[in-house]
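> Input structure: query.cif, which contains mmCIF, C-alpha atoms.
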```cif
data_run
loop_
_atom_site.label_atom_id
_atom_site.label_comp_id
_atom_site.auth_asym_id
_atom_site.auth_seq_id
_atom_site.Cartn_x
_atom_site.Cartn_y
_atom_site.Cartn_z
CA MET A 1 109.51 87.54 103.52
CA SER A 2 112.99 87.12 104.94
CA ASP A 3 114.93 86.61 101.75
CA PRO A 4 118.60 87.27 102.34
CA THR A 5 120.05 90.13 100.29
CA PRO A 6 120.80 88.48 96.94
CA GLU A 7 124.24 89.02 95.50
CA ASN A 8 124.31 91.45 92.59
CA PRO A 9 126.82 90.25 89.96
CA ARG A 10 127.54 93.90 89.07
CA GLY A 11 127.82 94.91 92.73
CA ILE A 12 130.93 96.54 94.22
CA PHE A 13 129.96 96.92 97.90
CA ASP A 14 131.35 94.31 100.29
CA ARG A 15 128.05 92.89 101.51
CA SER A 16 129.74 90.69 104.11
CA THR A 17 130.02 93.87 106.22
CA LYS A 18 126.22 93.97 106.81
CA GLY A 19 125.70 94.52 110.56
CA ALA A 20 129.33 95.45 111.18
CA ALA A 21 129.96 98.20 113.74
CA LEU A 22 133.07 100.38 113.70
CA GLU A 23 134.98 100.91 116.90
CA PRO A 24 133.89 104.25 118.45
CA VAL A 25 136.57 106.94 118.17
CA PRO A 26 136.93 110.36 119.82
CA VAL A 27 136.52 113.56 117.81
CA GLN A 28 137.59 117.04 118.94
CA ILE A 29 135.02 119.71 118.06
CA GLU A 30 137.13 122.70 117.02
CA ARG A 31 136.03 126.35 116.90
CA GLY A 32 137.87 126.98 113.65
CA ARG A 33 136.13 124.07 111.92
CA ILE A 34 132.70 125.29 113.06
CA ARG A 35 133.47 128.83 111.83
CA PHE A 36 134.79 127.69 108.44
CA PHE A 37 131.89 125.29 107.85
CA ALA A 38 129.31 127.93 108.86
CA GLN A 39 130.97 130.49 106.60
CA VAL A 40 130.92 128.20 103.54
CA LEU A 41 127.20 127.48 104.11
CA GLY A 42 126.49 131.20 104.51
CA GLU A 43 125.18 130.76 108.06
CA ALA A 44 123.99 134.21 109.18
CA ASP A 45 123.48 133.37 112.87
CA PRO A 46 126.58 134.57 114.80
CA ILE A 47 126.27 131.72 117.36
CA HIS A 48 128.29 129.68 114.79
CA SER A 49 131.10 132.21 114.37
CA ASP A 50 131.21 134.78 117.20
CA LEU A 51 132.05 133.50 120.67
CA ASP A 52 130.53 136.53 122.44
CA ALA A 53 127.30 136.16 120.48
CA ALA A 54 127.14 132.43 121.27
CA ARG A 55 127.65 133.11 124.99
CA ALA A 56 125.14 135.96 124.98
CA ALA A 57 122.62 133.47 123.56
CA GLY A 58 123.26 131.14 126.51
CA HIS A 59 125.71 128.70 124.90
CA PRO A 60 129.06 127.75 126.47
CA ASP A 61 130.90 128.07 123.13
CA LEU A 62 130.31 128.19 119.36
CA VAL A 63 127.36 126.02 118.27
CA ALA A 64 127.81 123.55 115.40
CA PRO A 65 125.39 124.04 112.46
CA PRO A 66 122.84 121.21 111.94
CA SER A 67 124.82 119.44 109.20
CA PHE A 68 128.15 119.67 111.07
CA PHE A 69 127.78 115.92 111.60
CA VAL A 70 129.61 115.39 108.30
CA VAL A 71 132.61 117.34 109.59
CA ALA A 72 132.79 115.31 112.80
CA GLU A 73 132.39 112.13 110.78
CA ALA A 74 135.27 113.02 108.45
CA ALA A 75 137.41 113.69 111.52
CA ALA A 76 136.39 110.28 112.91
CA THR A 77 137.37 108.62 109.63
CA GLU A 78 140.78 110.32 109.82
CA GLU A 79 141.18 109.20 113.44
CA ARG A 80 140.39 105.61 112.41
CA ARG A 81 142.87 105.83 109.54
CA GLN A 82 145.60 106.93 111.95
CA ARG A 83 144.78 103.88 114.07
CA GLY A 84 145.09 101.69 110.99
CA LYS A 85 141.32 101.03 110.90
CA PRO A 86 138.93 101.51 107.99
CA GLY A 87 136.31 104.27 107.87
CA ALA A 88 132.71 103.37 106.99
CA MET A 89 133.17 104.03 103.26
CA ASP A 90 136.43 102.05 103.16
CA LEU A 91 134.77 99.20 105.05
CA VAL A 92 131.92 98.69 102.57
CA LYS A 93 134.30 99.38 99.63
CA CYS A 94 132.78 102.55 98.16
CA ASP A 95 134.06 103.35 94.67
CA PHE A 96 134.08 107.15 94.16
CA ARG A 97 133.81 106.70 90.38
CA TYR A 98 130.24 105.46 90.77
CA LEU A 99 129.24 106.72 94.21
CA LEU A 100 126.25 108.95 94.92
CA HIS A 101 124.58 110.08 98.12
CA GLY A 102 121.00 108.73 98.32
CA ASP A 103 119.67 110.37 101.45
CA GLU A 104 120.64 111.74 104.83
CA ARG A 105 118.60 112.24 108.01
CA TYR A 106 119.51 113.63 111.43
CA PHE A 107 117.75 113.27 114.76
CA TYR A 108 118.80 116.06 117.12
CA HIS A 109 118.93 115.43 120.85
CA ALA A 110 121.32 118.13 122.11
CA PRO A 111 123.65 120.78 120.64
CA ILE A 112 127.27 120.14 119.66
CA TYR A 113 129.65 122.77 121.09
CA ALA A 114 133.19 123.79 120.23
CA GLY A 115 135.75 122.54 122.72
CA GLU A 116 134.02 119.23 123.35
CA GLU A 117 135.33 115.75 122.72
CA VAL A 118 132.59 113.49 121.39
CA GLN A 119 132.50 109.84 120.35
CA HIS A 120 131.58 108.77 116.81
CA SER A 121 130.06 105.33 116.16
CA THR A 122 128.79 103.80 112.92
CA ARG A 123 126.98 100.63 111.97
CA VAL A 124 126.35 99.14 108.51
CA LEU A 125 122.62 98.44 108.42
CA ASP A 126 121.80 96.86 105.06
CA PHE A 127 122.42 96.47 101.34
CA TYR A 128 119.83 96.35 98.55
CA ASP A 129 119.52 96.75 94.78
CA LYS A 130 117.24 98.66 92.41
CA LYS A 131 116.66 98.88 88.65
CA GLY A 132 117.51 95.27 87.98
CA GLY A 133 120.89 95.57 89.67
CA ALA A 134 121.95 98.78 87.90
CA MET A 135 122.04 100.51 91.27
CA GLU A 136 123.13 99.13 94.63
CA PHE A 137 122.56 100.79 97.99
CA VAL A 138 124.04 100.69 101.49
CA THR A 139 122.52 102.17 104.64
CA PHE A 140 124.38 103.32 107.76
CA GLU A 141 123.36 104.51 111.19
CA SER A 142 125.80 106.69 113.14
CA THR A 143 125.83 108.65 116.38
CA LEU A 144 127.81 111.42 118.01
CA SER A 145 127.74 111.06 121.79
CA HIS A 146 129.06 113.12 124.66
CA PRO A 147 130.36 111.27 127.75
CA GLU A 148 127.99 113.17 130.10
CA ARG A 149 125.27 114.56 127.83
CA GLY A 150 124.66 111.27 125.99
CA VAL A 151 123.68 110.99 122.31
CA LEU A 152 123.78 114.44 120.70
CA VAL A 153 122.86 113.53 117.12
CA ARG A 154 121.90 110.29 115.36
CA SER A 155 122.19 109.98 111.59
CA GLN A 156 120.82 107.67 108.91
CA ARG A 157 122.51 107.67 105.52
CA THR A 158 122.07 105.90 102.19
CA LEU A 159 124.89 105.76 99.65
CA LEU A 160 124.63 104.16 96.23
CA HIS A 161 126.68 103.03 93.28
CA ARG A 162 125.46 103.63 89.74
CA LEU A 163 127.01 100.43 88.48
CA PRO A 164 128.84 100.01 85.18
CA GLU A 165 127.76 97.29 82.74
CA LEU A 166 129.53 93.97 83.18
CA LYS A 167 132.22 93.35 80.58
CA SER A 168 131.34 90.13 78.76
CA MET B 1 110.61 134.33 114.17
CA SER B 2 109.44 135.08 117.71
CA ASN B 3 108.32 132.19 119.88
CA ALA B 4 104.78 133.64 119.97
CA SER B 5 104.40 133.47 116.18
CA LEU B 6 106.09 130.03 116.11
CA LYS B 7 103.35 128.70 118.42
CA SER B 8 100.69 129.86 115.97
CA ALA B 9 102.39 128.26 112.94
CA ALA B 10 99.73 126.71 110.69
CA VAL B 11 99.70 124.10 107.92
CA GLY B 12 100.38 125.88 104.64
CA ASP B 13 102.62 128.57 106.14
CA THR B 14 105.69 129.15 103.99
CA LEU B 15 109.15 129.91 105.37
CA PRO B 16 111.33 132.68 103.92
CA GLU B 17 113.30 131.08 101.07
CA LEU B 18 117.06 131.19 100.59
CA LYS B 19 118.97 131.22 97.31
CA PHE B 20 122.59 130.28 96.80
CA GLY B 21 124.85 130.08 93.82
CA PRO B 22 125.46 129.99 90.97
CA ILE B 23 127.65 127.25 92.47
CA SER B 24 131.28 127.80 91.51
CA ARG B 25 134.18 125.37 91.55
CA THR B 26 135.62 127.52 94.34
CA THR B 27 132.51 126.84 96.43
CA LEU B 28 132.98 123.08 95.90
CA ALA B 29 136.66 123.28 96.85
CA LEU B 30 135.78 125.25 99.99
CA TYR B 31 132.97 122.86 100.91
CA ALA B 32 135.33 119.90 100.44
CA GLY B 33 137.82 121.52 102.81
CA ALA B 34 135.26 122.71 105.33
CA SER B 35 133.28 119.44 105.45
CA GLY B 36 136.19 117.02 105.13
CA ASP B 37 134.41 115.30 102.21
CA HIS B 38 137.32 115.00 99.77
CA ASN B 39 135.56 112.79 97.20
CA PRO B 40 137.39 113.79 93.99
CA ALA B 41 134.14 113.62 91.97
CA HIS B 42 133.36 117.06 93.47
CA ILE B 43 136.71 118.79 92.99
CA ASP B 44 138.82 117.09 90.32
CA ILE B 45 137.55 117.35 86.74
CA ASP B 46 140.21 114.88 85.50
CA PHE B 47 138.90 112.27 87.92
CA ALA B 48 135.29 113.00 86.92
CA LYS B 49 136.03 112.60 83.20
CA LYS B 50 137.95 109.40 83.75
CA ALA B 51 134.87 108.08 85.59
CA GLY B 52 132.72 108.92 82.54
CA LEU B 53 131.09 112.01 84.06
CA PRO B 54 130.81 115.23 82.06
CA ASP B 55 132.12 117.36 84.93
CA VAL B 56 132.48 117.51 88.71
CA PHE B 57 129.18 117.93 90.56
CA ALA B 58 128.17 119.56 93.84
CA HIS B 59 128.14 117.79 97.19
CA GLY B 60 124.50 117.03 98.05
CA MET B 61 125.29 118.02 101.63
CA LEU B 62 126.11 121.58 100.52
CA SER B 63 122.45 122.08 99.56
CA PHE B 64 121.36 120.13 102.64
CA GLY B 65 123.24 122.66 104.78
CA VAL B 66 121.38 125.55 103.15
CA LEU B 67 118.04 123.73 103.52
CA THR B 68 118.66 123.47 107.27
CA ARG B 69 119.33 127.23 107.30
CA VAL B 70 115.81 127.84 105.96
CA VAL B 71 114.40 125.91 108.91
CA THR B 72 116.67 127.24 111.66
CA ALA B 73 116.36 130.87 110.49
CA TRP B 74 112.60 130.48 110.97
CA ALA B 75 112.37 128.30 114.07
CA GLY B 76 115.75 128.64 115.79
CA ILE B 77 118.41 125.93 115.94
CA GLY B 78 117.33 124.97 119.47
CA GLN B 79 113.92 123.98 118.10
CA LEU B 80 115.24 121.63 115.40
CA ARG B 81 114.42 117.99 116.22
CA GLU B 82 114.90 116.20 112.91
CA CYS B 83 115.93 116.97 109.34
CA GLY B 84 116.28 114.66 106.37
CA ALA B 85 116.42 114.82 102.59
CA ARG B 86 116.71 112.60 99.54
CA PHE B 87 119.15 113.67 96.84
CA VAL B 88 116.77 113.32 93.90
CA SER B 89 118.96 114.77 91.15
CA ILE B 90 122.54 115.88 90.76
CA THR B 91 123.41 119.50 91.55
CA GLN B 92 125.66 120.73 88.75
CA VAL B 93 128.36 123.40 88.72
CA HIS B 94 126.74 126.82 87.97
CA ASP B 95 123.32 125.76 89.31
CA LEU B 96 121.48 128.49 91.19
CA ILE B 97 119.65 126.77 94.01
CA THR B 98 116.51 127.97 95.79
CA CYS B 99 115.67 126.39 99.16
CA LYS B 100 112.10 126.49 100.43
CA GLY B 101 110.07 125.22 103.35
CA THR B 102 106.32 124.78 103.94
CA VAL B 103 104.54 123.68 107.12
CA THR B 104 102.69 120.45 106.30
CA GLU B 105 101.60 119.11 109.69
CA ARG B 106 101.21 120.01 113.36
CA LEU B 107 101.91 117.15 115.73
CA GLU B 108 102.61 116.29 119.35
CA ALA B 109 105.72 114.28 120.30
CA ASP B 110 107.76 113.85 123.49
CA GLY B 111 105.29 116.13 125.29
CA GLU B 112 105.76 119.15 123.04
CA PRO B 113 103.91 120.66 120.08
CA ARG B 114 105.85 120.26 116.85
CA ALA B 115 105.50 121.08 113.17
CA ARG B 116 106.65 119.11 110.16
CA ILE B 117 108.08 121.23 107.37
CA ALA B 118 108.47 120.00 103.79
CA VAL B 119 111.76 121.27 102.40
CA VAL B 120 112.86 121.35 98.79
CA ALA B 121 115.88 122.61 96.86
CA THR B 122 115.27 123.55 93.23
CA ALA B 123 117.67 124.54 90.45
CA GLN B 124 117.10 127.52 88.13
CA ASP B 125 115.41 125.31 85.49
CA GLY B 126 112.84 123.95 87.96
CA ARG B 127 114.69 120.67 88.53
CA GLU B 128 114.29 119.46 92.12
CA THR B 129 117.62 118.43 93.64
CA LEU B 130 116.78 117.72 97.29
CA VAL B 131 113.38 116.81 98.74
CA GLY B 132 112.91 116.25 102.44
CA ASP B 133 111.35 117.33 105.68
CA ALA B 134 112.25 118.77 109.05
CA VAL B 135 110.53 118.61 112.44
CA VAL B 136 110.71 121.58 114.79
CA ALA B 137 109.41 122.16 118.32
CA LEU B 138 106.84 124.98 118.51
CA VAL B 139 108.01 126.17 121.91
#
```
Take the structure in this file and express it as structure tokens.


Amino acid sequence: MSDPTPENPRGIFDRSTKGAALEPVPVQIERGRIRFFAQVLGEADPIHSDLDAARAAGHPDLVAPPSFFVVAEAAATEERRQRGKPGAMDLVKCDFRYLLHGDERYFYHAPIYAGEEVQHSTRVLDFYDKKGGAMEFVTFESTLSHPERGVLVRSQRTLLHRLPELKS
Amino acid sequence: MSNASLKSAAVGDTLPELKFGPISRTTLALYAGASGDHNPAHIDIDFAKKAGLPDVFAHGMLSFGVLTRVVTAWAGIGQLRECGARFVSITQVHDLITCKGTVTERLEADGEPRARIAVVATAQDGRETLVGDAVVALV
């Protein structure tokens, strides 16, 4: 049962990127970004917005909400772009016209704090198809790591294309 | 929730639910800016229509963020070990979303007692949009 991923004639993803790892890049965790993100999500806990409250709760600075990973990842993509390197979605050739998010999972090892510089890494795990090739999927694994505290959060993500019919 | 009542969490316990919405286009613009996810399918109706979609649609991660709030409001962010969800249907503009959690399992991992919580986001018409689970430490 080790069939290689068959090519999907309707597929858009660049399947030659299977197994590719992006160069780790640094990301600054900014107070203002944590506050804004927490506010849009309606986070009620002041550890995400009020420095005194965060410190009173034993934290060195504002604490990133659990889904802040996406913010750090977008910053990492921008950092890669400035270095002339592709982000994960550029690498596998995501087409926003057909793109959907399949699933997302986080494994939490330690908090992310404002003021830190963390490293973002991503790997392309696999490609597969469903519904007779009408949908194609890509899976990624990513981490945010701190130089002393190690891996803070690991993520697994599936993106998919709802593919258009082939023009005959 | 106090740590004492967290320790006595039992299968079947329900977490206080959270509602958000109806989701406006402003919310989607703010989430795009706050998250850094600038996919035009969420913020630009011209792009959406050109792609054959009836309208822009909400970022799945917006609802994911509120689902995690259900769990952390109950257990505390320091107790959160894992959280994941599948995006099972599209969240539309104007949807009113209800996020719920239910304890489904008590387990032991990495030397600590933990609970698995089934989480689900549901639109006003009963349509499930996100289905997932979280694991929290009961300490």

> In Å, with one decimal, what is the gap from atom CA of Cys99 of chain B to atom CA of Ala121 of chain B?

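For atom CA of Cys99 of chain B relative to atom CA of Ala121 of chain B, the distance reads 4.4 Å.
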
> Let me know the residues the PyMOL selection byres ((chain A) within 6 of (chain B)) catches in the file above, as a list in words.

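Answer for the PyMOL selection byres ((chain A) within 6 of (chain B)): Phe36, Phe37, Ser67, Val71, Ala74, Arg97, Gly102, Asp103, Glu104, Arg105, Tyr106, Phe107 and Tyr108 of chain A.
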
> Written as an MDAnalysis selection string, which residues does the PyMOL selection byres ((chain A and resi 109-116) around 9) give for the file shown?

(chainID A and resid 27:34 59:66 68 107:108 117:118 144 146 149:154) or (chainID B and resid 77:78 81:82)

> With all atoms listed in the file counted, which protein, DNA or RNA residues have an atom no more than 12 Å from (125.2, 96.9, 95.1) in the file frame? Please answer as a PDB file with C-alpha atoms, in the coordinates of the input.


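Final file, selection_21.pdb:
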```
ATOM      1  CA  THR A   5     120.050  90.130 100.290  1.00  0.00           C
ATOM      2  CA  PRO A   6     120.800  88.480  96.940  1.00  0.00           C
ATOM      3  CA  GLU A   7     124.240  89.020  95.500  1.00  0.00           C
ATOM      4  CA  ASN A   8     124.310  91.450  92.590  1.00  0.00           C
ATOM      5  CA  PRO A   9     126.820  90.250  89.960  1.00  0.00           C
ATOM      6  CA  ARG A  10     127.540  93.900  89.070  1.00  0.00           C
ATOM      7  CA  GLY A  11     127.820  94.910  92.730  1.00  0.00           C
ATOM      8  CA  ILE A  12     130.930  96.540  94.220  1.00  0.00           C
ATOM      9  CA  PHE A  13     129.960  96.920  97.900  1.00  0.00           C
ATOM     10  CA  ASP A  14     131.350  94.310 100.290  1.00  0.00           C
ATOM     11  CA  ARG A  15     128.050  92.890 101.510  1.00  0.00           C
ATOM     12  CA  SER A  16     129.740  90.690 104.110  1.00  0.00           C
ATOM     13  CA  VAL A  92     131.920  98.690 102.570  1.00  0.00           C
ATOM     14  CA  LYS A  93     134.300  99.380  99.630  1.00  0.00           C
ATOM     15  CA  CYS A  94     132.780 102.550  98.160  1.00  0.00           C
ATOM     16  CA  ASP A  95     134.060 103.350  94.670  1.00  0.00           C
ATOM     17  CA  TYR A  98     130.240 105.460  90.770  1.00  0.00           C
ATOM     18  CA  LEU A  99     129.240 106.720  94.210  1.00  0.00           C
ATOM     19  CA  ASP A 126     121.800  96.860 105.060  1.00  0.00           C
ATOM     20  CA  PHE A 127     122.420  96.470 101.340  1.00  0.00           C
ATOM     21  CA  TYR A 128     119.830  96.350  98.550  1.00  0.00           C
ATOM     22  CA  ASP A 129     119.520  96.750  94.780  1.00  0.00           C
ATOM     23  CA  LYS A 130     117.240  98.660  92.410  1.00  0.00           C
ATOM     24  CA  LYS A 131     116.660  98.880  88.650  1.00  0.00           C
ATOM     25  CA  GLY A 132     117.510  95.270  87.980  1.00  0.00           C
ATOM     26  CA  GLY A 133     120.890  95.570  89.670  1.00  0.00           C
ATOM     27  CA  ALA A 134     121.950  98.780  87.900  1.00  0.00           C
ATOM     28  CA  MET A 135     122.040 100.510  91.270  1.00  0.00           C
ATOM     29  CA  GLU A 136     123.130  99.130  94.630  1.00  0.00           C
ATOM     30  CA  PHE A 137     122.560 100.790  97.990  1.00  0.00           C
ATOM     31  CA  VAL A 138     124.040 100.690 101.490  1.00  0.00           C
ATOM     32  CA  THR A 139     122.520 102.170 104.640  1.00  0.00           C
ATOM     33  CA  THR A 158     122.070 105.900 102.190  1.00  0.00           C
ATOM     34  CA  LEU A 159     124.890 105.760  99.650  1.00  0.00           C
ATOM     35  CA  LEU A 160     124.630 104.160  96.230  1.00  0.00           C
ATOM     36  CA  HIS A 161     126.680 103.030  93.280  1.00  0.00           C
ATOM     37  CA  ARG A 162     125.460 103.630  89.740  1.00  0.00           C
ATOM     38  CA  LEU A 163     127.010 100.430  88.480  1.00  0.00           C
ATOM     39  CA  PRO A 164     128.840 100.010  85.180  1.00  0.00           C
TER      40      PRO A 164
END
```

> Starting from the shown file, work through the PyMOL selection byres ((chain B and resi 13-19) around 9) and note down what comes out as a ChimeraX atom specification.

/B:9-12,20-21,66-67,69-71,73-74,96-104,117

> For the atom pair atom CA of Asp55 of chain B and atom CA of Ser24 of chain B, what is the interatomic distance in Å to one decimal place?

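Distance between the two atoms: 12.4 Å.
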
> Take segment 130-150 of chain A, bring it up to N, CA, C and O atoms, and give me the output as a PDB file, in the frame of the given file.


```pdb
ATOM      1  N   LYS A 130     118.392  98.142  93.151  1.00  0.00           N
ATOM      2  CA  LYS A 130     117.240  98.660  92.410  1.00  0.00           C
ATOM      3  C   LYS A 130     117.572  98.623  90.928  1.00  0.00           C
ATOM      4  O   LYS A 130     118.725  98.494  90.546  1.00  0.00           O
ATOM      5  N   LYS A 131     116.516  98.815  90.118  1.00  0.00           N
ATOM      6  CA  LYS A 131     116.660  98.880  88.650  1.00  0.00           C
ATOM      7  C   LYS A 131     117.409  97.676  88.107  1.00  0.00           C
ATOM      8  O   LYS A 131     118.388  97.828  87.355  1.00  0.00           O
ATOM      9  N   GLY A 132     116.943  96.498  88.516  1.00  0.00           N
ATOM     10  CA  GLY A 132     117.510  95.270  87.980  1.00  0.00           C
ATOM     11  C   GLY A 132     118.998  95.119  88.231  1.00  0.00           C
ATOM     12  O   GLY A 132     119.711  94.510  87.431  1.00  0.00           O
ATOM     13  N   GLY A 133     119.474  95.712  89.336  1.00  0.00           N
ATOM     14  CA  GLY A 133     120.890  95.570  89.670  1.00  0.00           C
ATOM     15  C   GLY A 133     121.760  96.667  89.097  1.00  0.00           C
ATOM     16  O   GLY A 133     122.980  96.642  89.254  1.00  0.00           O
ATOM     17  N   ALA A 134     121.150  97.663  88.441  1.00  0.00           N
ATOM     18  CA  ALA A 134     121.950  98.780  87.900  1.00  0.00           C
ATOM     19  C   ALA A 134     122.370  99.746  88.995  1.00  0.00           C
ATOM     20  O   ALA A 134     123.282 100.551  88.806  1.00  0.00           O
ATOM     21  N   MET A 135     121.668  99.679  90.132  1.00  0.00           N
ATOM     22  CA  MET A 135     122.040 100.510  91.270  1.00  0.00           C
ATOM     23  C   MET A 135     122.066  99.642  92.526  1.00  0.00           C
ATOM     24  O   MET A 135     121.182  98.813  92.724  1.00  0.00           O
ATOM     25  N   GLU A 136     123.083  99.838  93.353  1.00  0.00           N
ATOM     26  CA  GLU A 136     123.130  99.130  94.630  1.00  0.00           C
ATOM     27  C   GLU A 136     123.271 100.159  95.754  1.00  0.00           C
ATOM     28  O   GLU A 136     123.897 101.202  95.578  1.00  0.00           O
ATOM     29  N   PHE A 137     122.683  99.839  96.895  1.00  0.00           N
ATOM     30  CA  PHE A 137     122.560 100.790  97.990  1.00  0.00           C
ATOM     31  C   PHE A 137     123.130 100.200  99.280  1.00  0.00           C
ATOM     32  O   PHE A 137     123.067  98.991  99.490  1.00  0.00           O
ATOM     33  N   VAL A 138     123.635 101.086 100.138  1.00  0.00           N
ATOM     34  CA  VAL A 138     124.040 100.690 101.490  1.00  0.00           C
ATOM     35  C   VAL A 138     123.479 101.722 102.456  1.00  0.00           C
ATOM     36  O   VAL A 138     123.434 102.913 102.141  1.00  0.00           O
ATOM     37  N   THR A 139     123.023 101.256 103.615  1.00  0.00           N
ATOM     38  CA  THR A 139     122.520 102.170 104.640  1.00  0.00           C
ATOM     39  C   THR A 139     123.376 102.061 105.898  1.00  0.00           C
ATOM     40  O   THR A 139     123.815 100.970 106.269  1.00  0.00           O
ATOM     41  N   PHE A 140     123.589 103.227 106.524  1.00  0.00           N
ATOM     42  CA  PHE A 140     124.380 103.320 107.760  1.00  0.00           C
ATOM     43  C   PHE A 140     123.562 104.025 108.832  1.00  0.00           C
ATOM     44  O   PHE A 140     122.728 104.876 108.521  1.00  0.00           O
ATOM     45  N   GLU A 141     123.857 103.698 110.079  1.00  0.00           N
ATOM     46  CA  GLU A 141     123.360 104.510 111.190  1.00  0.00           C
ATOM     47  C   GLU A 141     124.566 104.905 112.031  1.00  0.00           C
ATOM     48  O   GLU A 141     125.423 104.063 112.322  1.00  0.00           O
ATOM     49  N   SER A 142     124.648 106.187 112.389  1.00  0.00           N
ATOM     50  CA  SER A 142     125.800 106.690 113.140  1.00  0.00           C
ATOM     51  C   SER A 142     125.320 107.586 114.273  1.00  0.00           C
ATOM     52  O   SER A 142     124.224 108.149 114.205  1.00  0.00           O
ATOM     53  N   THR A 143     126.163 107.730 115.289  1.00  0.00           N
ATOM     54  CA  THR A 143     125.830 108.650 116.380  1.00  0.00           C
ATOM     55  C   THR A 143     127.073 109.443 116.779  1.00  0.00           C
ATOM     56  O   THR A 143     128.207 108.983 116.641  1.00  0.00           O
ATOM     57  N   LEU A 144     126.819 110.646 117.286  1.00  0.00           N
ATOM     58  CA  LEU A 144     127.810 111.420 118.010  1.00  0.00           C
ATOM     59  C   LEU A 144     127.313 111.510 119.442  1.00  0.00           C
ATOM     60  O   LEU A 144     126.175 111.945 119.682  1.00  0.00           O
ATOM     61  N   SER A 145     128.156 111.084 120.382  1.00  0.00           N
ATOM     62  CA  SER A 145     127.740 111.060 121.790  1.00  0.00           C
ATOM     63  C   SER A 145     128.739 111.819 122.641  1.00  0.00           C
ATOM     64  O   SER A 145     129.945 111.823 122.361  1.00  0.00           O
ATOM     65  N   HIS A 146     128.222 112.433 123.687  1.00  0.00           N
ATOM     66  CA  HIS A 146     129.060 113.120 124.660  1.00  0.00           C
ATOM     67  C   HIS A 146     129.085 112.264 125.925  1.00  0.00           C
ATOM     68  O   HIS A 146     128.064 111.687 126.297  1.00  0.00           O
ATOM     69  N   PRO A 147     130.265 112.180 126.590  1.00  0.00           N
ATOM     70  CA  PRO A 147     130.360 111.270 127.750  1.00  0.00           C
ATOM     71  C   PRO A 147     129.332 111.572 128.847  1.00  0.00           C
ATOM     72  O   PRO A 147     128.859 110.653 129.506  1.00  0.00           O
ATOM     73  N   GLU A 148     128.992 112.840 129.062  1.00  0.00           N
ATOM     74  CA  GLU A 148     127.990 113.170 130.100  1.00  0.00           C
ATOM     75  C   GLU A 148     126.612 113.456 129.525  1.00  0.00           C
ATOM     76  O   GLU A 148     125.602 113.091 130.110  1.00  0.00           O
ATOM     77  N   ARG A 149     126.568 114.112 128.359  1.00  0.00           N
ATOM     78  CA  ARG A 149     125.270 114.560 127.830  1.00  0.00           C
ATOM     79  C   ARG A 149     124.593 113.502 126.965  1.00  0.00           C
ATOM     80  O   ARG A 149     123.485 113.699 126.483  1.00  0.00           O
ATOM     81  N   GLY A 150     125.275 112.364 126.739  1.00  0.00           N
ATOM     82  CA  GLY A 150     124.660 111.270 125.990  1.00  0.00           C
ATOM     83  C   GLY A 150     124.656 111.508 124.490  1.00  0.00           C
ATOM     84  O   GLY A 150     125.473 112.292 123.975  1.00  0.00           O
TER      85      GLY A 150
END
```
